[in-house]
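Peer 1: File follows, protein03.cif with mmCIF, C-alpha atoms:
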```
data_data
#
loop_
_atom_site.label_atom_id
_atom_site.label_comp_id
_atom_site.auth_asym_id
_atom_site.auth_seq_id
_atom_site.Cartn_x
_atom_site.Cartn_y
_atom_site.Cartn_z
CA GLY A 240 4.10 -2.69 -11.84
CA LEU A 241 2.93 -5.15 -9.22
CA TYR A 242 3.75 -6.88 -5.97
CA SER A 243 2.68 -10.33 -4.79
CA ALA A 244 3.29 -12.13 -1.53
CA THR A 245 2.81 -15.54 0.04
CA LYS A 246 5.53 -15.21 2.71
CA ASN A 247 4.25 -15.85 6.24
CA SER A 248 0.93 -16.51 4.57
CA ALA A 249 -0.80 -19.20 6.50
CA ASP A 250 -3.60 -16.66 6.11
CA GLY A 251 -3.42 -16.44 2.32
CA LYS A 252 -1.82 -14.81 -0.70
CA LYS A 253 -1.78 -11.18 -1.77
CA LEU A 254 -1.50 -9.23 -5.03
CA PHE A 255 -0.98 -5.47 -5.41
CA ILE A 256 -0.74 -3.47 -8.63
CA LEU A 257 -0.77 0.07 -10.00
CA VAL A 258 -3.58 -0.16 -12.56
CA CYS A 259 -3.53 3.46 -13.70
CA HIS A 260 -0.72 6.01 -13.77
CA HIS A 261 -2.68 9.21 -14.54
CA PRO A 262 -4.52 9.51 -12.21
CA PRO A 263 -2.65 7.08 -9.94
CA ILE A 264 -4.85 4.16 -8.91
CA SER A 265 -3.54 1.13 -7.01
CA ALA A 266 -5.53 -2.06 -6.58
CA CYS A 267 -5.00 -5.09 -4.36
CA HIS A 268 -6.54 -8.50 -3.77
CA ALA A 269 -5.86 -10.97 -0.94
CA GLU A 270 -7.49 -14.31 -0.34
CA SER A 271 -7.40 -17.36 1.90
CA GLU A 272 -9.77 -20.05 3.08
CA SER A 273 -11.05 -17.67 5.77
CA PHE A 274 -11.52 -14.41 3.86
CA THR A 275 -11.25 -12.48 0.60
CA PHE A 276 -10.08 -8.86 0.72
CA TRP A 277 -9.93 -6.29 -2.08
CA GLN A 278 -9.75 -2.56 -2.63
CA ASP A 279 -8.56 0.04 -5.06
CA GLN A 280 -6.83 3.15 -3.80
CA ARG A 281 -7.27 6.59 -5.38
CA TRP A 282 -6.60 9.88 -3.70
CA LYS A 283 -6.54 13.62 -4.06
CA ASN A 284 -3.85 15.79 -2.51
CA LYS A 285 -4.42 19.14 -0.83
CA PHE A 286 -1.33 21.15 0.00
CA TRP A 287 -1.77 23.73 2.76
CA GLY A 288 1.72 25.22 2.89
CA LYS A 289 3.02 23.35 5.94
CA SER A 290 0.89 20.23 5.61
CA LEU A 291 -0.35 17.88 2.92
CA GLU A 292 -3.72 16.17 3.08
CA ILE A 293 -4.22 12.87 1.27
CA VAL A 294 -7.94 12.36 0.70
CA PRO A 295 -8.69 8.77 -0.39
CA THR A 296 -11.68 7.64 -2.42
CA GLY A 297 -12.94 4.14 -3.12
CA MET A 298 -14.09 1.45 -0.71
CA VAL A 299 -12.43 -1.42 1.12
CA ASN A 300 -14.12 -4.85 0.97
CA VAL A 301 -13.78 -8.12 2.84
CA THR A 302 -15.93 -11.24 2.66
CA LEU A 303 -16.03 -13.99 5.31
CA PRO A 304 -17.35 -17.13 3.58
CA ARG A 305 -17.80 -19.04 6.82
CA TYR A 306 -20.41 -16.52 7.96
CA GLY A 307 -21.70 -15.31 4.59
CA ASP A 308 -20.78 -11.71 5.44
CA HIS A 309 -19.53 -8.97 3.10
CA TYR A 310 -18.19 -5.88 4.87
CA GLU A 311 -17.45 -2.58 3.16
CA TRP A 312 -15.93 0.61 4.53
CA ASN A 313 -14.33 3.90 3.53
CA LYS A 314 -10.96 5.35 4.52
CA VAL A 315 -10.15 8.52 6.43
CA VAL A 316 -7.98 11.50 5.52
CA THR A 317 -4.22 11.22 6.14
CA CYS A 318 -2.35 14.44 6.81
CA ILE A 319 1.43 14.89 6.72
CA HIS A 320 2.23 17.76 9.09
CA ASN A 321 5.39 19.87 8.81
CA VAL A 322 5.94 18.36 5.40
CA LEU A 323 8.94 20.56 4.61
CA SER A 324 10.74 20.16 7.94
CA GLN A 325 12.46 17.35 9.85
CA GLN A 326 9.68 17.21 12.48
CA ARG A 327 7.05 15.81 10.12
CA TYR A 328 4.43 13.37 11.39
CA LEU A 329 1.27 11.67 10.17
CA GLU A 330 -2.26 12.12 11.44
CA HIS A 331 -5.46 10.35 10.42
CA TYR A 332 -8.86 11.97 10.87
CA GLY A 333 -12.42 11.55 9.69
CA GLU A 334 -15.21 9.01 10.06
CA VAL A 335 -15.28 5.40 8.88
CA THR A 336 -18.61 3.61 8.38
CA ILE A 337 -18.48 -0.19 8.25
CA GLN A 338 -21.54 -1.89 6.75
CA ASN A 339 -22.42 -5.52 6.20
CA LEU A 340 -23.86 -5.65 2.67
CA THR A 341 -25.51 -9.03 3.27
CA ASN A 342 -26.98 -8.30 6.69
CA ASN A 343 -28.06 -4.90 8.03
CA THR A 344 -28.46 -5.99 11.65
CA CYS A 345 -25.86 -3.47 12.79
CA THR A 346 -23.45 -0.79 11.58
CA CYS A 347 -20.16 0.39 13.00
CA LYS A 348 -19.03 4.02 12.98
CA ILE A 349 -15.44 4.89 13.89
CA THR A 350 -14.19 8.46 14.32
CA PHE A 351 -10.50 9.26 14.04
CA VAL A 352 -10.37 12.44 16.10
CA LYS A 353 -8.43 15.38 14.69
CA SER A 354 -5.94 16.59 17.28
CA ARG A 355 -6.10 20.13 18.56
CA TYR A 356 -3.31 22.38 17.33
CA TRP A 357 -2.20 23.25 20.87
CA GLY A 358 -3.07 19.85 22.34
CA SER A 359 -0.59 17.54 24.06
CA ASP A 360 0.81 14.37 22.51
CA SER A 361 -1.51 12.33 24.73
CA ASN A 362 -4.47 13.64 22.69
CA LYS A 363 -3.07 12.50 19.34
CA ASN A 364 -4.23 9.39 17.47
CA GLU A 365 -7.52 9.18 19.39
CA VAL A 366 -10.21 6.82 18.09
CA GLN A 367 -13.86 6.65 19.18
CA GLY A 368 -16.46 4.23 17.87
CA THR A 369 -19.91 2.75 18.29
CA VAL A 370 -21.82 -0.26 17.00
CA ILE A 371 -25.49 0.56 16.44
CA ASP A 372 -28.50 -1.57 15.53
CA GLN A 373 -31.15 -0.92 12.86
CA SER A 374 -33.06 1.38 15.21
CA GLY A 375 -30.00 3.51 15.97
CA ASN A 376 -29.50 2.12 19.47
CA VAL A 377 -25.90 1.80 20.64
CA ILE A 378 -24.88 -1.82 21.21
CA HIS A 379 -21.21 -1.25 21.95
CA ARG A 380 -18.83 1.65 22.53
CA PHE A 381 -15.09 1.50 22.12
CA GLY A 382 -12.15 3.86 21.97
CA GLY A 383 -8.48 4.42 22.57
CA LEU A 384 -5.35 5.42 20.66
CA TRP A 385 -4.68 3.66 17.37
CA HIS A 386 -0.94 3.41 18.04
CA GLU A 387 -1.49 1.82 21.47
CA GLY A 388 -4.78 -0.09 21.64
CA ILE A 389 -8.58 0.02 21.37
CA PHE A 390 -10.77 -0.89 24.36
CA CYS A 391 -14.45 -1.78 24.60
CA ASP A 392 -16.19 -0.92 27.89
CA THR A 393 -19.68 -2.24 27.05
CA LEU A 394 -18.76 -5.93 27.12
CA PRO A 395 -19.57 -7.96 30.26
CA THR A 396 -15.87 -7.64 31.04
CA PRO A 397 -14.23 -4.53 29.51
CA LYS A 398 -11.16 -5.51 27.52
CA CYS A 399 -8.72 -4.58 24.80
CA ILE A 400 -10.23 -5.62 21.45
CA TRP A 401 -7.31 -4.56 19.25
CA LYS A 402 -3.70 -3.50 19.58
CA PRO A 403 -0.83 -3.11 17.11
CA ASN A 404 1.91 -5.72 16.93
CA PRO A 405 5.14 -4.86 18.75
CA LEU A 406 7.63 -2.97 16.61
CA PRO A 407 10.87 -4.79 15.72
CA LYS A 408 14.27 -4.05 17.16
CA ASP A 409 15.91 -0.89 15.74
CA TYR A 410 12.60 0.18 14.18
CA LEU A 411 13.59 3.85 14.55
CA LEU A 412 16.43 3.26 12.06
CA TYR A 413 13.80 2.07 9.59
CA TYR A 414 11.32 4.96 9.91
CA GLY A 415 9.06 3.06 12.31
CA PHE A 416 8.44 0.29 9.77
CA SER A 417 6.85 -2.94 10.97
CA SER A 418 8.60 -6.25 10.27
CA PHE A 419 6.22 -6.80 7.36
CA ALA A 420 7.07 -3.43 5.82
CA MET A 421 10.81 -4.00 6.28
CA GLU A 422 10.65 -7.33 4.45
CA LEU A 423 8.51 -6.20 1.50
CA ASN A 424 11.51 -5.51 -0.72
CA GLU A 425 13.32 -8.77 0.08
CA LEU A 426 14.28 -10.75 -3.04
CA THR A 427 15.47 -14.30 -2.35
CA PRO A 428 17.09 -16.59 -4.96
CA ASN A 429 14.19 -19.08 -4.87
CA LEU A 430 11.61 -16.30 -5.30
CA LYS A 431 13.21 -14.39 -8.15
CA PRO A 432 12.45 -16.97 -10.93
CA LEU A 433 8.76 -16.96 -9.98
CA LEU A 434 8.23 -13.21 -10.38
CA PRO A 435 7.13 -11.37 -13.53
CA PRO A 436 9.61 -8.77 -14.82
CA THR A 437 7.42 -5.89 -13.61
CA ASP A 438 7.39 -6.95 -9.95
CA THR A 439 8.56 -3.91 -7.97
CA ARG A 440 11.25 -5.94 -6.19
CA LEU A 441 13.00 -6.06 -9.58
CA ARG A 442 13.05 -2.28 -9.97
CA PRO A 443 16.79 -1.57 -10.33
CA ASP A 444 16.51 1.95 -8.90
CA GLN A 445 14.60 0.63 -5.89
CA ARG A 446 17.27 -2.00 -5.25
CA MET A 447 20.06 0.58 -5.55
CA LEU A 448 18.31 2.93 -3.13
CA GLU A 449 17.92 0.17 -0.56
CA GLU A 450 21.64 -0.51 -0.81
CA GLY A 451 22.46 3.15 -0.18
CA MET A 452 23.42 3.98 -3.79
CA VAL A 453 21.31 7.14 -3.85
CA GLY A 454 22.98 8.88 -6.82
CA GLU A 455 22.96 5.77 -8.99
CA ALA A 456 19.33 5.07 -7.99
CA ASP A 457 18.22 8.51 -9.14
CA LYS A 458 19.90 8.08 -12.54
CA LYS A 459 18.46 4.60 -13.00
CA LYS A 460 15.00 5.85 -12.03
CA ASP A 461 15.22 8.43 -14.83
CA GLU A 462 16.12 5.66 -17.29
CA VAL A 463 13.18 3.45 -16.23
CA GLU A 464 10.69 6.31 -16.40
CA GLU A 465 11.97 7.49 -19.80
CA ILE A 466 11.30 4.03 -21.22
CA GLN A 467 7.82 4.13 -19.68
CA ARG A 468 7.12 7.51 -21.30
CA GLU A 469 8.32 6.25 -24.68
CA ARG A 470 6.06 3.22 -24.38
CA ARG A 471 3.05 5.41 -23.60
CA LYS A 472 3.87 7.62 -26.63
CA HIS A 473 3.94 4.60 -28.94
CA LEU A 474 0.63 3.37 -27.54
CA SER A 475 -0.90 6.83 -27.98
CA LYS A 476 0.26 7.05 -31.61
CA ARG A 477 -1.50 3.75 -32.31
CA GLY A 478 -4.63 4.95 -30.54
CA GLU A 479 -4.20 2.37 -27.78
CA GLU A 480 -4.26 2.56 -24.01
CA HIS A 481 -2.31 0.56 -21.46
CA VAL A 482 -4.43 -2.35 -20.18
CA PRO A 483 -3.51 -3.87 -16.79
CA ARG A 484 -2.75 -7.56 -17.20
CA PHE A 485 -4.03 -8.94 -13.91
CA PHE A 486 -6.92 -6.61 -12.96
CA LYS A 487 -10.08 -5.53 -14.75
CA LYS A 488 -12.31 -2.47 -14.43
CA ALA A 489 -15.87 -3.11 -13.24
CA LYS A 490 -18.81 -1.56 -11.37
CA ASP A 491 -19.78 -2.31 -7.78
CA SER A 492 -23.34 -2.66 -6.46
CA CYS A 493 -23.62 1.14 -6.19
CA GLY A 494 -22.40 1.77 -9.73
CA ARG A 495 -18.94 2.98 -8.69
CA ASP A 496 -15.87 2.18 -10.77
CA VAL A 497 -13.75 -0.52 -9.15
CA TRP A 498 -10.73 -2.61 -10.11
CA LEU A 499 -10.99 -6.35 -9.48
CA THR A 500 -8.56 -9.22 -10.01
CA ASN A 501 -9.15 -11.24 -13.17
CA GLY A 502 -7.78 -14.37 -11.50
CA THR A 503 -4.91 -15.02 -13.93
CA TYR A 504 -1.82 -14.05 -11.90
CA TRP A 505 -1.50 -17.07 -9.63
CA GLU A 506 -2.21 -19.50 -12.47
CA LEU A 507 0.67 -17.99 -14.43
CA ARG A 508 2.89 -18.18 -11.38
CA LYS A 509 2.18 -21.92 -10.88
CA ASN A 510 3.64 -22.59 -14.31
CA PRO A 511 5.82 -19.52 -14.74
CA GLY A 512 4.64 -17.98 -17.95
CA PHE A 513 6.14 -14.67 -16.95
CA SER A 514 9.15 -15.27 -19.18
CA ASN A 515 6.85 -14.52 -22.12
CA LEU A 516 5.86 -11.12 -20.76
CA GLU A 517 7.39 -7.79 -21.76
CA ASN A 518 9.93 -5.62 -19.93
CA HIS A 519 12.85 -8.03 -19.71
CA PHE A 520 15.07 -4.96 -19.32
CA LEU A 521 14.07 -4.82 -15.65
CA THR A 522 15.46 -8.29 -14.91
CA ASP A 523 18.58 -7.45 -16.89
CA TRP A 524 19.04 -4.31 -14.82
CA ILE A 525 18.63 -6.10 -11.51
CA ASP A 526 21.46 -8.45 -12.56
CA GLU A 527 23.52 -5.34 -13.28
CA VAL A 528 22.78 -3.96 -9.80
CA GLU A 529 23.71 -7.24 -8.14
CA SER A 530 27.03 -7.25 -10.00
CA ILE A 531 27.78 -3.72 -8.79
CA LEU A 532 27.01 -4.68 -5.19
CA LEU A 533 29.21 -7.77 -5.39
CA SER A 534 32.09 -5.72 -6.77
CA ARG A 535 31.69 -3.27 -3.88
CA ASN A 536 31.34 -6.06 -1.35
CA THR A 537 28.42 -4.19 0.22
CA SER A 538 25.63 -5.53 2.38
CA PRO A 539 22.22 -4.15 3.40
CA ARG A 540 22.33 -1.68 6.26
CA PRO A 541 20.12 0.99 7.82
CA ARG A 542 19.97 4.05 5.60
CA LYS A 543 18.38 7.47 5.65
CA LEU A 544 16.24 7.37 2.55
CA PRO A 545 15.25 10.80 1.21
CA PHE A 546 11.66 11.67 2.11
CA CYS A 547 9.46 13.01 -0.65
CA VAL A 548 5.89 13.71 -1.63
CA GLY A 549 5.52 13.74 -5.39
CA SER A 550 9.11 14.60 -6.24
CA LYS A 551 11.21 12.61 -8.69
CA THR A 552 13.53 11.28 -5.99
CA ASN A 553 12.50 7.97 -4.45
CA CYS A 554 11.27 8.07 -0.88
CA VAL A 555 10.32 6.10 2.19
CA TYR A 556 7.26 4.75 0.37
CA VAL A 557 9.61 2.76 -1.88
CA TYR A 558 8.88 -0.43 0.08
CA VAL A 559 5.13 -0.29 -0.19
CA SER A 560 4.25 1.48 -3.43
CA PRO A 561 4.01 -0.37 -6.75
CA VAL A 562 5.80 2.30 -8.71
CA CYS A 563 6.09 0.84 -12.24
CA GLN A 564 2.89 1.03 -14.21
CA GLN A 565 3.74 -1.31 -17.07
CA GLU A 566 2.69 -4.99 -17.22
#
```
With the file now loaded, output its structure as structure tokens.
Peer 2:
Amino acid sequence: GLYSATKNSADGKKLFILVCHHPPISACHAESESFTFWQDQRWKNKFWGKSLEIVPTGMVNVTLPRYGDHYEWNKVVTCIHNVLSQQRYLEHYGEVTIQNLTNNTCTCKITFVKSRYWGSDSNKNEVQGTVIDQSGNVIHRFGGLWHEGIFCDTLPTPKCIWKPNPLPKDYLLYYGFSSFAMELNELTPNLKPLLPPTDTRLRPDQRMLEEGMVGEADKKKDEVEEIQRERRKHLSKRGEEHVPRFFKKAKDSCGRDVWLTNGTYWELRKNPGFSNLENHFLTDWIDEVESILLSRNTSPRPRKLPFCVGSKTNCVYVYVSPVCQQE
């Protein structure tokens, strides 16, 4: 399954895909005239009874061709607190090290501070960071709260160097989603013919869930996943493995396994060759869903999607996770 985007993309085009189902590995690639960005996302879960830690592995990369720079950094731990109650919340903690692989003049270290159990809300989401030179001398210090803003006090004039975009109206009805996250599942008539049948916006269960058809979505999800299991069984009997269509496995400069784009997706999209790909049942099913919605005369509205971590019921991550592994 995959997801691509060019909407609001004066800054480029993006491609996301689930390249491996067991263990789950997602990869993405984004590019423009100003930058190229790529990463693959793998993680391990640690369940502590009342909380769930998501420990990511793999590195994030961005190149800036104008300056000849290639930056690489790791990700921090994400913890879901009170995972089994209604008062759940996310926390990030750990240290990020940002290195320039083409120039070692300086390094940036950012610490996401773990909140104290009995601390106040004002102590949550704290970030502290430094930029150091080759000799270990501190060039800049910065800090703040990642949900409010980051400030640098070692510049000639201390100022805010980063802050999140304002949240859209009624964001609380949409789980605090940004405008970008809210629009990820949008499927317009002019876009639909350009997408391959495994694009996640064509997942029939995902579409049903967005429209509030929770029971139907759960049944349709079972159907989709049963077909996926049957396909894997047939491949296994023939001694074959699923091969992602638009990404390839490689090694980075440190010998680590990475997934990189093979550069074929956007060429296919220019001259839509996706009609020759497999999994036409997904596009057939989305037509079925649209017919059901028309017969009900329903329209999109805020809904309380069921939250989950690893259960079979779809969850709030439905907008951002490429959930179908077949190409």
Peer 1: With distances taken over only C-alpha atoms, which of A:Asp372, A:Glu425, A:Glu506, A:Glu330 is nearest to A:Ser354?
Peer 2: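 Checking each candidate against A:Ser354, we get A:Glu330 as the closest.
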Peer 1: Just so the selection is clear, what residues does the PyMOL selection byres ((chain A and resi 394) around 10) cover here, as a tab-separated table (two decimals) with C-alpha atoms, in the frame of the given file?
Peer 2:
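See out-v9.tsv below for the written result:
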```tsv
chain	number	residue	atom	x	y	z
A	378	ILE	CA	-24.88	-1.82	21.21
A	379	HIS	CA	-21.21	-1.25	21.95
A	380	ARG	CA	-18.83	1.65	22.53
A	381	PHE	CA	-15.09	1.50	22.12
A	390	PHE	CA	-10.77	-0.89	24.36
A	391	CYS	CA	-14.45	-1.78	24.60
A	392	ASP	CA	-16.19	-0.92	27.89
A	393	THR	CA	-19.68	-2.24	27.05
A	395	PRO	CA	-19.57	-7.96	30.26
A	396	THR	CA	-15.87	-7.64	31.04
A	397	PRO	CA	-14.23	-4.53	29.51
A	398	LYS	CA	-11.16	-5.51	27.52
```
Peer 1: Expanded to explicit residues, what is the PyMOL selection byres ((chain A and resi 299) around 8) for this file, as number ranges by chain?
Peer 2: A: 276-279, 297-298, 300-301, 311-314
Peer 1: Select, from A:Leu303, A:Val316, A:Leu423, A:Val370, the residue with the minimum atom-to-atom distance to A:Glu449, counting all atoms listed in the file.
Peer 2: A:Leu423
Peer 1: Do you know which residues are at most 8 Å from stretch 454-460 of chain A counting all atoms listed in the file, after dropping those on the same chain fewer than 3 positions away, and could you put them as number ranges by chain?
Peer 2: A: 443-448, 463-464, 552-553
Peer 1: Between A:Leu426, A:Leu507, A:Ile264, A:Leu329, which is the closest to A:Thr317 once you count only C-alpha atoms?
Peer 2: A:Leu329
Peer 1: Decode the PyMOL selection byres ((chain A and resi 401) around 8) for the given file into explicit residues and return them as a PDB file with C-alpha atoms, keeping the file's coordinate frame.
Peer 2:
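Below you can see selection-v9.pdb, which holds the result:
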```
ATOM      1  CA  GLY A 388      -4.780  -0.090  21.640  1.00  0.00           C
ATOM      2  CA  ILE A 389      -8.580   0.020  21.370  1.00  0.00           C
ATOM      3  CA  PHE A 390     -10.770  -0.890  24.360  1.00  0.00           C
ATOM      4  CA  CYS A 399      -8.720  -4.580  24.800  1.00  0.00           C
ATOM      5  CA  ILE A 400     -10.230  -5.620  21.450  1.00  0.00           C
ATOM      6  CA  LYS A 402      -3.700  -3.500  19.580  1.00  0.00           C
ATOM      7  CA  PRO A 403      -0.830  -3.110  17.110  1.00  0.00           C
TER       8      PRO A 403
END
```
Peer 1: Emit stretch 332-342 of chain A of the structure in the block as a file comprising all heavy atoms, as a JSON list (two decimals), in the first residue's frame.
Peer 2:
```json
[["chain", "number", "residue", "atom", "x", "y", "z"],
["A", 332, "TYR", "N", 10.50, 11.41, 24.20],
["A", 332, "TYR", "CA", 11.70, 11.64, 25.01],
["A", 332, "TYR", "C", 12.89, 10.89, 24.44],
["A", 332, "TYR", "O", 12.75, 9.87, 23.74],
["A", 332, "TYR", "CB", 11.47, 11.28, 26.49],
["A", 332, "TYR", "CG", 10.79, 9.96, 26.75],
["A", 332, "TYR", "CD1", 11.49, 8.76, 26.70],
["A", 332, "TYR", "CD2", 9.44, 9.91, 27.10],
["A", 332, "TYR", "CE1", 10.87, 7.55, 26.98],
["A", 332, "TYR", "CE2", 8.80, 8.71, 27.37],
["A", 332, "TYR", "CZ", 9.53, 7.53, 27.31],
["A", 332, "TYR", "OH", 8.90, 6.34, 27.58],
["A", 333, "GLY", "N", 14.07, 11.41, 24.74],
["A", 333, "GLY", "CA", 15.31, 10.85, 24.23],
["A", 333, "GLY", "C", 16.15, 11.93, 23.60],
["A", 333, "GLY", "O", 15.83, 13.13, 23.65],
["A", 334, "GLU", "N", 17.27, 11.53, 22.99],
["A", 334, "GLU", "CA", 18.20, 12.49, 22.40],
["A", 334, "GLU", "C", 18.32, 12.28, 20.90],
["A", 334, "GLU", "O", 18.42, 11.16, 20.42],
["A", 334, "GLU", "CB", 19.59, 12.36, 23.04],
["A", 334, "GLU", "CG", 20.58, 13.41, 22.54],
["A", 334, "GLU", "CD", 21.90, 13.40, 23.30],
["A", 334, "GLU", "OE1", 21.99, 14.09, 24.34],
["A", 334, "GLU", "OE2", 22.82, 12.68, 22.87],
["A", 335, "VAL", "N", 18.27, 13.37, 20.17],
["A", 335, "VAL", "CA", 18.46, 13.37, 18.72],
["A", 335, "VAL", "C", 19.82, 13.99, 18.42],
["A", 335, "VAL", "O", 20.17, 15.04, 18.97],
["A", 335, "VAL", "CB", 17.36, 14.20, 18.02],
["A", 335, "VAL", "CG1", 17.64, 14.30, 16.52],
["A", 335, "VAL", "CG2", 15.99, 13.60, 18.26],
["A", 336, "THR", "N", 20.60, 13.34, 17.56],
["A", 336, "THR", "CA", 21.87, 13.88, 17.11],
["A", 336, "THR", "C", 21.78, 14.13, 15.61],
["A", 336, "THR", "O", 21.52, 13.20, 14.83],
["A", 336, "THR", "CB", 23.03, 12.92, 17.40],
["A", 336, "THR", "OG1", 23.12, 12.69, 18.81],
["A", 336, "THR", "CG2", 24.35, 13.50, 16.92],
["A", 337, "ILE", "N", 21.97, 15.38, 15.21],
["A", 337, "ILE", "CA", 21.92, 15.76, 13.80],
["A", 337, "ILE", "C", 23.35, 15.99, 13.32],
["A", 337, "ILE", "O", 24.08, 16.82, 13.88],
["A", 337, "ILE", "CB", 21.09, 17.04, 13.59],
["A", 337, "ILE", "CG1", 19.68, 16.87, 14.19],
["A", 337, "ILE", "CG2", 20.98, 17.37, 12.10],
["A", 337, "ILE", "CD1", 18.85, 18.14, 14.14],
["A", 338, "GLN", "N", 23.74, 15.25, 12.28],
["A", 338, "GLN", "CA", 25.09, 15.37, 11.73],
["A", 338, "GLN", "C", 25.02, 15.72, 10.26],
["A", 338, "GLN", "O", 24.13, 15.28, 9.53],
["A", 338, "GLN", "CB", 25.85, 14.05, 11.90],
["A", 338, "GLN", "CG", 26.11, 13.66, 13.35],
["A", 338, "GLN", "CD", 26.84, 12.33, 13.45],
["A", 338, "GLN", "OE1", 26.38, 11.31, 12.95],
["A", 338, "GLN", "NE2", 28.00, 12.34, 14.07],
["A", 339, "ASN", "N", 25.99, 16.51, 9.82],
["A", 339, "ASN", "CA", 26.15, 16.80, 8.40],
["A", 339, "ASN", "C", 27.20, 15.83, 7.86],
["A", 339, "ASN", "O", 28.37, 15.89, 8.22],
["A", 339, "ASN", "CB", 26.60, 18.24, 8.20],
["A", 339, "ASN", "CG", 26.59, 18.66, 6.74],
["A", 339, "ASN", "OD1", 26.57, 17.81, 5.84],
["A", 339, "ASN", "ND2", 26.61, 19.96, 6.50],
["A", 340, "LEU", "N", 26.78, 14.92, 7.00],
["A", 340, "LEU", "CA", 27.68, 13.86, 6.51],
["A", 340, "LEU", "C", 28.70, 14.38, 5.50],
["A", 340, "LEU", "O", 29.65, 13.66, 5.18],
["A", 340, "LEU", "CB", 26.86, 12.73, 5.90],
["A", 340, "LEU", "CG", 25.85, 12.04, 6.82],
["A", 340, "LEU", "CD1", 25.21, 10.85, 6.12],
["A", 340, "LEU", "CD2", 26.49, 11.61, 8.13],
["A", 341, "THR", "N", 28.51, 15.59, 5.00],
["A", 341, "THR", "CA", 29.46, 16.14, 4.04],
["A", 341, "THR", "C", 30.33, 17.23, 4.65],
["A", 341, "THR", "O", 31.25, 17.74, 4.00],
["A", 341, "THR", "CB", 28.72, 16.72, 2.82],
["A", 341, "THR", "OG1", 27.78, 17.71, 3.25],
["A", 341, "THR", "CG2", 27.99, 15.61, 2.07],
["A", 342, "ASN", "N", 30.05, 17.61, 5.88],
["A", 342, "ASN", "CA", 30.81, 18.67, 6.53],
["A", 342, "ASN", "C", 30.67, 18.52, 8.04],
["A", 342, "ASN", "O", 29.57, 18.62, 8.57],
["A", 342, "ASN", "CB", 30.27, 20.04, 6.08],
["A", 342, "ASN", "CG", 31.10, 21.19, 6.60],
["A", 342, "ASN", "OD1", 31.73, 21.11, 7.65],
["A", 342, "ASN", "ND2", 31.11, 22.30, 5.85]]
```
